[in-house]
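Notes for the one structure printed next.
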Amino acid sequence: MRFGAAPPTAAAHRRQAGRFKCEDEADARRRGDKAMRSDHDNVSGFLPEETTGAPPRHAGRTDRLWLLAFANDSRSDQILREVLLAAGPDRAEVRRGDVAAATRLLAHAPTPSILIVDIAGVEAPLVALDDLARVCEPDVKVLVIGDRDEVDFYRDLTRTLGVTEYLAKPLTRELVASYFLPHVTEERRAAPAQRGGRLVMVTGARGGVGASTIAANLAVHLASEGRRHVALLDLDLHRGSIALLLGSQPSAGLRLALETPEVIDHLFLDRISAPVGDRLRIFASKEPIDSPLAPRPAAVGKLLELLRERFNHVVVDVPAACTPMLQAVLGQTHQRVFVTAPDLPNVRDLLRLHAVAPAPVQTGRPLVVVNQCGRPGALSAEALKRALGFAPDIAVPHLPRQVTAAATLGVPVLSRSRPFREAIRALAEEIVPGRPAPPARGLIARLLRR
Ligand SMILES: Nc1ncnc2c1ncn2[C@@H]1O[C@H](COP(=O)(O)OP(=O)(O)OP(=O)(O)O)[C@@H](O)[C@H]1O
Ligand SMILES: [Mg+2]
């Protein structure tokens with residue numbers, strides 16, 4: 001994993017892992033770098049927690065420092081203090097020590113959001129950074145200072161190890177202000193969107209493609225197999241089907257939350273949501289068709305922020321028709337999931353959706369789910385790939401009997417169809433890379449018993 005990126009999709013991680021190893025070996029051979037281990041399989045780089053065994057990142061954390069910097073000499077120490085601490089971040093510290101001191105400390109202490117380490121004078125700096133990577137949580141942003149000033153070395157650190165920036169000593173105030181400070185302040189600006197749970201926006205290229213079906217089942221999977229606390233928010237307040245798909249009832253109050261930011265707090269959110277099992281809560285409403293909504297962007301933003309404080313994942317079903325809420329949702333969305341049907345009108349609209357510029361928190365590309373593959377008259381997989389210009393991420397089969405039966409009973413489709421369950425599992429793995437926790441049968445069992 002590269003620093004500063006949102007946790008990668010499983011596929012991106014696989015690609016990254018492969019690329020990482022190749023470059024490492026080739027570059028090490030070219031350089032004849034004695035510092036590199038001969039067994040490069042042991043060089044993890046800053047990989048996700050699944051690989052490093054580092055502790056998981058917790059939502060809304062208060063236990064981590066914002067910035068922790070290590071400098072090996074008094075001059076660097078002083079300049080880092082003067083430039084970075086003067087910028088005023090809360091919970092920031094500068095300490096004396098080299099990269100090994102950082103590794104020793106972080107083996108037992110929470111990883112800061114931004115870490116600066118000093119590799120000057122260290123005999124095998126790449127190995128030392130690799131050791132550091134093994135004790136760090138994957139979302140850390142690492143800036144490095146050292147005494148080598150070679151382009152190859154810089155490239156190794158930034159490209160191969162995922163270091164964000166490198167400065168060769170002697171440090172000056174100007175250098176630190178130009179190259180390190182922006183990372184510190186940029187992180188602080190991005191903070192509200194990065195704190196808390198991950199927001200997954202699910203939307204259809206057009207209406208009726210199955211976006212709500214996918215969103216509801218994804219949320220159930222994340223809560224049951226992923227064992228995470230999940231909020232499922234249906235932003236189609238007039239015709240939304242999310243609650244009924246999971247055998248729940250829309251509740252009054254969501255409209256008020258979207259139109260009146262002053263009323264929203266955690267207590268209010270408890271009152272307007274319905275539990276499904278012990279880890280999933282549904283936020284849905286059924287407003288009269290002739291009563292148009294007047295959602296306020298500030299209210300949408302506040303609602304999402306509060307949900308992300310409470311839940312590990314917030315899955316938002318956004319109606320295909322562009323609503324005034326879309327921009328507010330996009331601003332906090334970490335992962336966009338676009339659902340399309342396998343036909344040309346849908347593909348055209350999907351490509352338009354795909355072209356919408358990502359918000360700063362969306363560091364990954366959108367995931368494309370093709371639903372109802374194989375239905376009569378559908379484009380073949382090959383024709384679909386040609387029309388899209390890329391292969392979709394997930395293909396969900398056309399399962400009219402099972403999907404209709406599940407909707408009638410108000411149970412998730414994944415409880416009734418193995419191919420559907422596998423497709424949702426593959427989608428969840430793209431969204432939440434890493435080994436899932438052992439499945440908790442409670443929620444699914446309860447839903448099945450209905
Ligand atoms: N994989 C599938 N196989 C067969 N039918 C499906 C599948 N997925 C969804 N459907 C059916 O497609 C219809 C639309 O599904 P859904 O309501 O989830 O779509 P949507 O994109 O949310 O629609 P809307 O734009 O109205 O919100 C439903 O009748 C549903 O049963
Ligand atoms: Mg829908």
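Following the order of the structure tokens, first chain is A, next is B, and so on, with residues numbered from 1 inside each chain and ligands from 1 in the order they appear.
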
Residue neighbourhood range 401-405 of chain A, 7 Å, only C-alpha atoms, exclusion window fewer than 6 positions, as a PyMOL selection string: chain A and resi 413+416-417

Residues near Leu218 in chain A, cut-off 12 Å, only C-alpha atoms, skip fewer than 4 positions along chain, as a VMD selection string: chain A and resid 200 to 202 211 to 214 222 to 226 228 230 to 232 242 246 280 313 to 317 337 369 412 to 415 420 to 432

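Taking CA of Leu115 in chain A and CA of Arg310 in chain A as endpoints, the distance between them is 27.1 Å.
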
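Put simply, CA of Thr203 in chain A is 21.2 Å away from CA of Ala257 in chain A.
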
Per residue of chain A within 9 Å of ligand 2, what are the shortest atom pair and its distance in Å to one decimal, counting only C-alpha atoms and all ligand atoms, with rows by chain and residue number, as a tab-separated table?
residue	atom	partner	partner_atom_place_in_ligand_line	distance
A:Thr203	CA	ligand 2	1 (Mg)	8.1
A:Gly204	CA	ligand 2	1 (Mg)	7.9
A:Gly207	CA	ligand 2	1 (Mg)	7.1
A:Gly208	CA	ligand 2	1 (Mg)	6.6
A:Val209	CA	ligand 2	1 (Mg)	8.1
A:Gly210	CA	ligand 2	1 (Mg)	6.7
A:Ala211	CA	ligand 2	1 (Mg)	5.5
A:Ser212	CA	ligand 2	1 (Mg)	4.1
A:Thr213	CA	ligand 2	1 (Mg)	7.3
A:Ala215	CA	ligand 2	1 (Mg)	8.7
A:Asp234	CA	ligand 2	1 (Mg)	8.1
A:Leu235	CA	ligand 2	1 (Mg)	8.9
A:Asp236	CA	ligand 2	1 (Mg)	7.0
A:Arg239	CA	ligand 2	1 (Mg)	7.6
A:Gly240	CA	ligand 2	1 (Mg)	5.6
A:Ser241	CA	ligand 2	1 (Mg)	6.0
A:Ile242	CA	ligand 2	1 (Mg)	7.2
A:Asp317	CA	ligand 2	1 (Mg)	6.9
A:Val318	CA	ligand 2	1 (Mg)	7.5
A:Pro319	CA	ligand 2	1 (Mg)	5.8
A:Ala320	CA	ligand 2	1 (Mg)	7.7
